[in-house]
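Undergrad: This is input-v5.cif, which holds mmCIF, C-alpha atoms:
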data_model
#
loop_
_atom_site.group_PDB
_atom_site.id
_atom_site.type_symbol
_atom_site.label_atom_id
_atom_site.label_comp_id
_atom_site.auth_asym_id
_atom_site.auth_seq_id
_atom_site.Cartn_x
_atom_site.Cartn_y
_atom_site.Cartn_z
ATOM 1 C CA GLY U 1 0.000 0.000 0.000
ATOM 2 C CA ILE U 2 2.783 2.420 0.953
ATOM 3 C CA GLU U 3 4.670 1.783 -2.309
ATOM 4 C CA ALA U 4 1.553 2.485 -4.343
ATOM 5 C CA LEU U 5 1.044 5.690 -2.344
ATOM 6 C CA GLU U 6 4.665 6.740 -2.871
ATOM 7 C CA SER U 7 4.506 6.134 -6.614
ATOM 8 C CA LYS U 8 1.214 8.094 -6.728
ATOM 9 C CA MET U 9 2.929 10.955 -4.820
ATOM 10 C CA ALA U 10 5.880 10.891 -7.227
ATOM 11 C CA GLU U 11 3.462 10.960 -10.178
ATOM 12 C CA LEU U 12 1.577 13.928 -8.674
ATOM 13 C CA LYS U 13 4.858 15.762 -7.994
ATOM 14 C CA GLN U 14 5.831 15.233 -11.619
ATOM 15 C CA GLN U 15 2.461 16.550 -12.824
ATOM 16 C CA VAL U 16 2.684 19.582 -10.509
ATOM 17 C CA GLY U 17 6.248 20.187 -11.719
ATOM 18 C CA ALA U 18 5.116 20.028 -15.343
ATOM 19 C CA LEU U 19 2.174 22.360 -14.656
ATOM 20 C CA THR U 20 4.402 24.804 -12.750
ATOM 21 C CA ALA U 21 6.910 24.851 -15.612
ATOM 22 C CA GLU U 22 4.046 25.405 -18.060
ATOM 23 C CA PHE U 23 2.665 28.222 -15.889
ATOM 24 C CA HIS U 24 6.063 29.944 -15.653
ATOM 25 C CA ALA U 25 6.621 29.584 -19.395
ATOM 26 C CA ALA U 26 3.191 31.107 -20.067
ATOM 27 C CA LEU U 27 3.970 33.904 -17.602
ATOM 28 C CA ALA U 28 7.327 34.605 -19.266
ATOM 29 C CA ALA U 29 5.676 34.634 -22.711
ATOM 30 C CA GLU U 30 3.013 37.026 -21.469
ATOM 31 C CA ARG U 31 5.642 39.277 -19.917
ATOM 32 C CA GLU U 32 7.612 39.260 -23.160
ATOM 33 C CA GLN U 33 4.460 40.151 -25.097
ATOM 34 C CA GLU U 34 3.769 43.036 -22.692
ATOM 35 C CA GLU U 35 7.364 44.269 -23.056
ATOM 36 C CA ARG U 36 7.027 44.135 -26.850
ATOM 37 C CA ALA U 37 3.745 46.057 -26.673
ATOM 38 C CA LEU U 38 5.410 48.666 -24.433
ATOM 39 C CA ASP U 39 8.336 48.956 -26.849
ATOM 40 C CA ALA U 40 5.907 49.374 -29.741
ATOM 41 C CA SER U 41 3.892 52.023 -27.896
ATOM 42 C CA ASP U 42 7.129 53.806 -26.930
ATOM 43 C CA ALA U 43 8.192 53.814 -30.566
ATOM 44 C CA GLU U 44 4.711 55.062 -31.552
ATOM 45 C CA ARG U 45 4.917 57.797 -28.884
ATOM 46 C CA LEU U 46 8.333 58.909 -30.137
ATOM 47 C CA ARG U 47 7.040 58.930 -33.718
ATOM 48 C CA ASP U 48 4.052 61.006 -32.617
ATOM 49 C CA LYS U 49 6.336 63.340 -30.662
ATOM 50 C CA ALA U 50 8.506 63.795 -33.745
ATOM 51 C CA ALA U 51 5.419 64.394 -35.888
ATOM 52 C CA ALA U 52 4.212 66.891 -33.296
ATOM 53 C CA GLY U 53 7.621 68.587 -33.491
ATOM 54 C CA GLU U 54 8.562 67.711 -29.926
ATOM 55 C CA ASP U 55 11.884 66.045 -30.683
ATOM 56 C CA GLU U 56 15.133 67.403 -29.250
ATOM 57 C CA ASP U 57 16.199 70.793 -30.539
ATOM 58 C CA HIS U 58 19.820 71.855 -30.145
ATOM 59 C CA ASP U 59 19.918 74.765 -32.592
ATOM 60 C CA THR U 60 20.780 77.882 -30.583
ATOM 61 C CA ARG U 61 22.460 79.840 -33.394
ATOM 62 C CA ARG U 62 21.682 83.538 -33.720
ATOM 63 C CA LEU U 63 21.084 83.555 -37.477
ATOM 64 C CA LYS U 64 20.303 86.572 -39.630
ATOM 65 C CA PHE U 65 16.706 86.873 -40.874
ATOM 66 C CA PRO U 66 17.326 85.600 -44.467
ATOM 67 C CA ASP U 67 19.381 82.608 -43.234
ATOM 68 C CA ARG U 68 16.778 81.557 -40.655
ATOM 69 C CA MET U 69 13.946 82.074 -43.174
ATOM 70 C CA ARG U 70 15.823 79.858 -45.645
ATOM 71 C CA LEU U 71 15.789 77.038 -43.049
ATOM 72 C CA VAL U 72 12.061 77.571 -42.366
ATOM 73 C CA LEU U 73 11.171 77.410 -46.064
ATOM 74 C CA LYS U 74 13.492 74.471 -46.772
ATOM 75 C CA ASN U 75 11.763 72.371 -44.085
ATOM 76 C CA LYS U 76 8.345 73.552 -45.280
ATOM 77 C CA GLU U 77 9.112 72.507 -48.866
ATOM 78 C CA GLU U 78 10.418 69.109 -47.713
ATOM 79 C CA GLY U 79 7.219 68.665 -45.677
ATOM 80 C CA THR U 80 5.088 69.404 -48.726
ATOM 81 C CA GLU U 81 7.043 66.898 -50.840
ATOM 82 C CA LEU U 82 6.535 64.233 -48.161
ATOM 83 C CA PHE U 83 2.833 65.101 -47.884
ATOM 84 C CA GLN U 84 2.355 64.809 -51.633
ATOM 85 C CA GLY U 85 3.974 61.368 -51.465
ATOM 86 C CA GLY U 86 1.454 60.289 -48.812
ATOM 87 C CA ASN U 87 4.053 60.312 -45.990
ATOM 88 C CA PHE U 88 1.924 62.270 -43.541
ATOM 89 C CA ARG U 89 3.819 61.646 -40.278
ATOM 90 C CA PRO U 90 7.251 62.632 -41.639
ATOM 91 C CA ALA U 91 5.560 65.603 -43.380
ATOM 92 C CA ALA U 92 4.119 66.788 -40.045
ATOM 93 C CA ALA U 93 7.560 66.369 -38.459
ATOM 94 C CA ARG U 94 9.129 68.541 -41.207
ATOM 95 C CA TYR U 95 6.465 71.235 -40.874
ATOM 96 C CA ASN U 96 7.039 71.243 -37.115
ATOM 97 C CA LYS U 97 10.776 71.575 -37.680
ATOM 98 C CA ALA U 98 10.001 74.628 -39.826
ATOM 99 C CA LEU U 99 7.885 76.026 -36.956
ATOM 100 C CA THR U 100 10.770 75.447 -34.535
ATOM 101 C CA HIS U 101 12.993 77.559 -36.791
ATOM 102 C CA ALA U 102 10.211 80.150 -37.168
ATOM 103 C CA ALA U 103 10.183 80.611 -33.380
ATOM 104 C CA LYS U 104 13.872 81.673 -33.394
ATOM 105 C CA PHE U 105 13.741 84.946 -35.306
ATOM 106 C CA LEU U 106 15.246 87.872 -33.404
ATOM 107 C CA ASP U 107 14.398 91.598 -33.442
ATOM 108 C CA LEU U 108 11.847 91.466 -36.243
ATOM 109 C CA SER U 109 10.683 94.591 -38.045
ATOM 110 C CA PRO U 110 6.863 94.910 -38.484
ATOM 111 C CA ASP U 111 7.166 93.721 -42.117
ATOM 112 C CA GLN U 112 9.294 90.756 -41.122
ATOM 113 C CA ARG U 113 6.823 89.879 -38.337
ATOM 114 C CA THR U 114 3.976 89.876 -40.921
ATOM 115 C CA GLU U 115 6.015 87.616 -43.213
ATOM 116 C CA VAL U 116 6.886 85.176 -40.398
ATOM 117 C CA ASN U 117 3.266 85.020 -39.189
ATOM 118 C CA ALA U 118 2.042 84.257 -42.718
ATOM 119 C CA VAL U 119 4.490 81.332 -42.949
ATOM 120 C CA LYS U 120 3.555 80.108 -39.439
ATOM 121 C CA LEU U 121 -0.137 80.235 -40.360
ATOM 122 C CA SER U 122 0.486 78.151 -43.460
ATOM 123 C CA LEU U 123 2.524 75.629 -41.411
ATOM 124 C CA HIS U 124 -0.206 75.219 -38.765
ATOM 125 C CA LEU U 125 -2.782 74.634 -41.525
ATOM 126 C CA ASN U 126 -0.517 72.050 -43.191
ATOM 127 C CA ILE U 127 0.069 70.244 -39.877
ATOM 128 C CA ALA U 128 -3.691 70.140 -39.251
ATOM 129 C CA MET U 129 -4.130 68.571 -42.687
ATOM 130 C CA CYS U 130 -1.435 65.967 -41.902
ATOM 131 C CA TRP U 131 -3.124 64.977 -38.639
ATOM 132 C CA LEU U 132 -6.491 64.603 -40.363
ATOM 133 C CA LYS U 133 -4.742 62.042 -42.592
ATOM 134 C CA ILE U 134 -2.773 60.230 -39.825
ATOM 135 C CA THR U 135 -5.765 58.046 -38.948
ATOM 136 C CA ASP U 136 -3.692 55.344 -37.201
ATOM 137 C CA ALA U 137 -2.778 57.687 -34.315
ATOM 138 C CA ALA U 138 -5.223 57.609 -31.390
ATOM 139 C CA ASN U 139 -4.984 61.376 -30.825
ATOM 140 C CA ASN U 140 -4.910 62.550 -34.447
ATOM 141 C CA LEU U 141 -8.152 64.558 -34.247
ATOM 142 C CA GLU U 142 -7.074 66.375 -31.061
ATOM 143 C CA GLN U 143 -3.752 67.205 -32.748
ATOM 144 C CA ALA U 144 -5.588 68.501 -35.837
ATOM 145 C CA ILE U 145 -7.842 70.679 -33.649
ATOM 146 C CA ARG U 146 -4.815 71.993 -31.742
ATOM 147 C CA SER U 147 -3.100 73.018 -35.004
ATOM 148 C CA CYS U 148 -6.282 74.742 -36.209
ATOM 149 C CA ASN U 149 -6.469 76.615 -32.873
ATOM 150 C CA ASP U 150 -2.855 77.744 -33.401
ATOM 151 C CA ALA U 151 -3.734 78.932 -36.914
ATOM 152 C CA LEU U 152 -6.829 80.799 -35.655
ATOM 153 C CA GLU U 153 -4.720 82.570 -33.031
ATOM 154 C CA LEU U 154 -2.764 84.083 -35.924
ATOM 155 C CA ASP U 155 -5.833 84.745 -38.094
ATOM 156 C CA GLU U 156 -9.220 84.360 -36.391
ATOM 157 C CA ALA U 157 -11.103 84.622 -39.700
ATOM 158 C CA ASN U 158 -9.141 81.917 -41.506
ATOM 159 C CA VAL U 159 -11.692 79.820 -43.410
ATOM 160 C CA LYS U 160 -9.301 76.899 -43.984
ATOM 161 C CA ALA U 161 -8.622 76.633 -40.234
ATOM 162 C CA LEU U 162 -12.346 76.784 -39.414
ATOM 163 C CA TYR U 163 -13.165 74.203 -42.082
ATOM 164 C CA ARG U 164 -10.397 71.803 -41.012
ATOM 165 C CA ARG U 165 -11.342 72.149 -37.354
ATOM 166 C CA ALA U 166 -14.990 71.469 -38.274
ATOM 167 C CA THR U 167 -13.835 68.345 -40.178
ATOM 168 C CA ALA U 168 -11.987 67.114 -37.061
ATOM 169 C CA TYR U 169 -14.978 67.913 -34.809
ATOM 170 C CA GLU U 170 -17.307 66.030 -37.168
ATOM 171 C CA ALA U 171 -15.028 62.969 -37.116
ATOM 172 C CA LYS U 172 -15.000 63.146 -33.282
ATOM 173 C CA GLY U 173 -18.806 63.353 -33.129
ATOM 174 C CA GLY U 174 -18.716 67.011 -31.984
ATOM 175 C CA TYR U 175 -21.429 68.047 -34.447
ATOM 176 C CA GLU U 176 -22.515 71.243 -32.641
ATOM 177 C CA GLU U 177 -18.902 72.511 -32.532
ATOM 178 C CA ALA U 178 -18.489 71.622 -36.217
ATOM 179 C CA LYS U 179 -21.707 73.489 -37.074
ATOM 180 C CA ARG U 180 -20.516 76.576 -35.149
ATOM 181 C CA ASP U 181 -17.207 76.652 -37.085
ATOM 182 C CA LEU U 182 -18.991 76.128 -40.413
ATOM 183 C CA GLU U 183 -21.444 78.965 -39.710
ATOM 184 C CA ARG U 184 -18.493 81.280 -39.046
ATOM 185 C CA ALA U 185 -16.737 80.063 -42.219
ATOM 186 C CA ALA U 186 -19.906 80.569 -44.306
ATOM 187 C CA ALA U 187 -20.282 84.137 -42.999
ATOM 188 C CA ILE U 188 -16.658 84.937 -43.922
ATOM 189 C CA ALA U 189 -16.619 83.137 -47.314
ATOM 190 C CA PRO U 190 -20.193 82.773 -48.611
ATOM 191 C CA ASP U 191 -18.965 81.534 -52.018
ATOM 192 C CA ASP U 192 -16.898 78.646 -50.656
ATOM 193 C CA LYS U 193 -18.293 75.380 -52.086
ATOM 194 C CA ALA U 194 -16.827 72.969 -49.500
ATOM 195 C CA VAL U 195 -18.405 74.631 -46.440
ATOM 196 C CA PRO U 196 -22.107 74.064 -47.324
ATOM 197 C CA LYS U 197 -21.314 70.489 -48.375
ATOM 198 C CA LEU U 198 -19.857 69.661 -44.951
ATOM 199 C CA MET U 199 -22.667 71.631 -43.264
ATOM 200 C CA LEU U 200 -25.268 69.347 -44.923
ATOM 201 C CA ARG U 201 -23.490 66.299 -43.538
ATOM 202 C CA VAL U 202 -23.161 67.794 -40.048
ATOM 203 C CA GLU U 203 -26.818 68.895 -39.926
ATOM 204 C CA ALA U 204 -27.918 65.412 -41.011
ATOM 205 C CA GLN U 205 -25.867 63.960 -38.120
ATOM 206 C CA ILE U 206 -27.435 66.422 -35.643
ATOM 207 C CA LYS U 207 -30.945 65.453 -36.867
ATOM 208 C CA ARG U 208 -30.066 61.761 -36.550
ATOM 209 C CA GLN U 209 -28.791 62.349 -33.013
ATOM 210 C CA GLU U 210 -31.928 64.261 -32.022
ATOM 211 C CA ALA U 211 -34.178 61.517 -33.434
ATOM 212 C CA LYS U 212 -32.197 58.909 -31.501
ATOM 213 C CA GLU U 213 -32.521 60.880 -28.251
ATOM 214 C CA LYS U 214 -36.253 61.407 -28.819
ATOM 215 C CA LYS U 215 -36.729 57.666 -29.314
ATOM 216 C CA MET U 216 -34.707 56.943 -26.175
ATOM 217 C CA TRP U 217 -36.792 59.316 -24.054
ATOM 218 C CA SER U 218 -40.099 58.050 -25.423
ATOM 219 C CA LYS U 219 -38.964 54.498 -24.552
ATOM 220 C CA ALA U 220 -37.986 55.636 -21.060
ATOM 221 C CA PHE U 221 -41.427 57.086 -20.391
ATOM 222 C CA SER U 222 -43.576 54.484 -22.151
#
In structure tokens, what does this structure look like?

TA:
Amino acid sequence: GIEALESKMAELKQQVGALTAEFHAALAAEREQEERALDASDAERLRDKAAAGEDEDHDTRRLKFPDRMRLVLKNKEEGTELFQGGNFRPAAARYNKALTHAAKFLDLSPDQRTEVNAVKLSLHLNIAMCWLKITDAANNLEQAIRSCNDALELDEANVKALYRRATAYEAKGGYEEAKRDLERAAAIAPDDKAVPKLMLRVEAQIKRQEAKEKKMWSKAFS
């Protein structure tokens, strides 16, 4: 009887050992998977930071206006080439690099200030357009809205900025905000063809939402 018991115990020990090894292997695999996911999200975060122009900047040179402007426009042109090739993240990174240079002008005359602001405005609009296209980033719509806000700080009546912000709001489900921007855009540029087209879509969404809410309330009280 004791021998049978001992062999049963040995068998159980073996099974427990095998299960423990299996458990640890599964745990290690899971940990490795988590590490890989963290690495991937780190890489994604760094890519997004670069696209948002938040990479390291070591350029502290005091350049003359034409030299600094050359750097701004060079990066802007490279961004546009990348954008036209469908490389939206690198394009956003280039445009942001141009903005970084545009923030380093010193002692600007009023004319120079006007010129720099016009370029900055164009860069913010281009970045907004990039983020509307970078659909695989979780925060792309917020980034697009932020760039439109930056553009509107420079020119509060900019129809492109209002339209692009409305596009981002619509994609986020912020139909009332989108409608508000489109009404402003329509008042500024009544002949613009794109604005009424988007307005139709937004108003249809608002109607759909209202009908849904009505149905929900009638169900609640029936």

Undergrad: Which of these residues is nearest to U:Ala128, using all atoms listed in the file: U:Gln15, U:Ser147, U:Ser7, U:Gln33?

TA: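 Of U:Gln15, U:Ser147, U:Ser7, U:Gln33, the one nearest U:Ala128 is U:Ser147, counting all atoms listed in the file.
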
Undergrad: Given the PyMOL selection byres ((chain U and resi 167) around 12) and the file above, list the residues it selects as an MDAnalysis selection string.

TA: chainID U and resid 128:129 131:133 141:142 144:145 148 160:166 168:182 194:195 197:199 201:202

Undergrad: Starting from the shown file, work through the PyMOL selection byres ((chain U and resi 154) around 9) and note down what comes out as a tab-separated table (two decimals) with C-alpha atoms, keeping the file's coordinate frame.

TA:
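Output contents, as saved in out.tsv:
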chain	number	residue	atom	x	y	z
U	117	ASN	CA	3.27	85.02	-39.19
U	118	ALA	CA	2.04	84.26	-42.72
U	120	LYS	CA	3.56	80.11	-39.44
U	121	LEU	CA	-0.14	80.24	-40.36
U	149	ASN	CA	-6.47	76.61	-32.87
U	150	ASP	CA	-2.86	77.74	-33.40
U	151	ALA	CA	-3.73	78.93	-36.91
U	152	LEU	CA	-6.83	80.80	-35.66
U	153	GLU	CA	-4.72	82.57	-33.03
U	155	ASP	CA	-5.83	84.74	-38.09
U	156	GLU	CA	-9.22	84.36	-36.39
U	158	ASN	CA	-9.14	81.92	-41.51

Undergrad: Would you pick out the contacts of stretch 94-107 of chain U at 7 Å or less, using all atoms listed in the file, so that residues sharing its chain but fewer than 2 positions from it are not included, and give the list as a list in words?

TA: Ala52, Gly53, Phe65, Arg68, Leu71, Val72, Leu73, Asn75, Lys76, Glu78, Gly79, Pro90, Ala91, Ala92, Ser109, Val116, Lys120, Leu123 and Ile127 of chain U

Undergrad: Report, in Å to a single decimal, how far apart atom CA of U:Asp67 and atom CA of U:Gln112 are.

TA: 13.1 Å

Undergrad: Box for stretch 126-138 of chain U - axis-aligned, 4 Å on each of the six sides, all listed atoms - centre and size in Å to one decimal, as lines of an AutoDock Vina configuration file.

TA:
center_x = -3.2
center_y = 63.7
center_z = -37.3
size_x = 14.6
size_y = 24.7
size_z = 19.8

Undergrad: When you count only C-alpha atoms, which of these residues is closest to U:Glu183: U:Ala157, U:Arg31, U:Gln205, U:Trp217?

TA: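 Closest to U:Glu183 of all the choices is U:Ala157.
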
Undergrad: Could N, CA and C atoms be built for stretch 177-195 of chain U and written out as an mmCIF file, in the coordinates of the input?

TA:
data_model
loop_
_atom_site.group_PDB
_atom_site.id
_atom_site.type_symbol
_atom_site.label_atom_id
_atom_site.label_comp_id
_atom_site.auth_asym_id
_atom_site.auth_seq_id
_atom_site.Cartn_x
_atom_site.Cartn_y
_atom_site.Cartn_z
ATOM 1 N N GLU U 177 -20.127 71.699 -32.360
ATOM 2 C CA GLU U 177 -18.902 72.511 -32.532
ATOM 3 C C GLU U 177 -18.588 72.680 -34.019
ATOM 4 N N ALA U 178 -18.752 71.576 -34.771
ATOM 5 C CA ALA U 178 -18.489 71.622 -36.217
ATOM 6 C C ALA U 178 -19.429 72.631 -36.876
ATOM 7 N N LYS U 179 -20.713 72.576 -36.489
ATOM 8 C CA LYS U 179 -21.707 73.489 -37.074
ATOM 9 C C LYS U 179 -21.337 74.949 -36.786
ATOM 10 N N ARG U 180 -20.891 75.208 -35.537
ATOM 11 C CA ARG U 180 -20.516 76.576 -35.149
ATOM 12 C C ARG U 180 -19.378 77.101 -36.027
ATOM 13 N N ASP U 181 -18.343 76.250 -36.239
ATOM 14 C CA ASP U 181 -17.207 76.652 -37.085
ATOM 15 C C ASP U 181 -17.652 76.883 -38.529
ATOM 16 N N LEU U 182 -18.539 76.017 -39.020
ATOM 17 C CA LEU U 182 -18.991 76.128 -40.413
ATOM 18 C C LEU U 182 -19.856 77.371 -40.621
ATOM 19 N N GLU U 183 -20.645 77.722 -39.610
ATOM 20 C CA GLU U 183 -21.444 78.965 -39.710
ATOM 21 C C GLU U 183 -20.530 80.180 -39.800
ATOM 22 N N ARG U 184 -19.463 80.170 -38.989
ATOM 23 C CA ARG U 184 -18.493 81.280 -39.046
ATOM 24 C C ARG U 184 -17.819 81.333 -40.416
ATOM 25 N N ALA U 185 -17.416 80.139 -40.917
ATOM 26 C CA ALA U 185 -16.737 80.063 -42.219
ATOM 27 C C ALA U 185 -17.657 80.556 -43.337
ATOM 28 N N ALA U 186 -18.945 80.170 -43.267
ATOM 29 C CA ALA U 186 -19.906 80.569 -44.306
ATOM 30 C C ALA U 186 -20.124 82.084 -44.302
ATOM 31 N N ALA U 187 -20.096 82.680 -43.104
ATOM 32 C CA ALA U 187 -20.282 84.137 -42.999
ATOM 33 C C ALA U 187 -19.080 84.878 -43.590
ATOM 34 N N ILE U 188 -17.894 84.293 -43.422
ATOM 35 C CA ILE U 188 -16.658 84.937 -43.922
ATOM 36 C C ILE U 188 -16.506 84.723 -45.431
ATOM 37 N N ALA U 189 -16.813 83.481 -45.885
ATOM 38 C CA ALA U 189 -16.619 83.137 -47.314
ATOM 39 C C ALA U 189 -17.892 82.499 -47.870
ATOM 40 N N PRO U 190 -18.905 83.328 -48.162
ATOM 41 C CA PRO U 190 -20.193 82.773 -48.611
ATOM 42 C C PRO U 190 -20.113 81.989 -49.922
ATOM 43 N N ASP U 191 -19.066 82.225 -50.718
ATOM 44 C CA ASP U 191 -18.965 81.534 -52.018
ATOM 45 C C ASP U 191 -18.206 80.211 -51.948
ATOM 46 N N ASP U 192 -17.675 79.889 -50.784
ATOM 47 C CA ASP U 192 -16.898 78.646 -50.656
ATOM 48 C C ASP U 192 -17.821 77.442 -50.848
ATOM 49 N N LYS U 193 -17.430 76.536 -51.743
ATOM 50 C CA LYS U 193 -18.293 75.380 -52.086
ATOM 51 C C LYS U 193 -18.196 74.253 -51.048
ATOM 52 N N ALA U 194 -17.030 74.106 -50.409
ATOM 53 C CA ALA U 194 -16.827 72.969 -49.500
ATOM 54 C C ALA U 194 -17.621 73.133 -48.203
ATOM 55 N N VAL U 195 -17.762 74.378 -47.739
ATOM 56 C CA VAL U 195 -18.405 74.631 -46.440
ATOM 57 C C VAL U 195 -19.854 74.144 -46.407
#
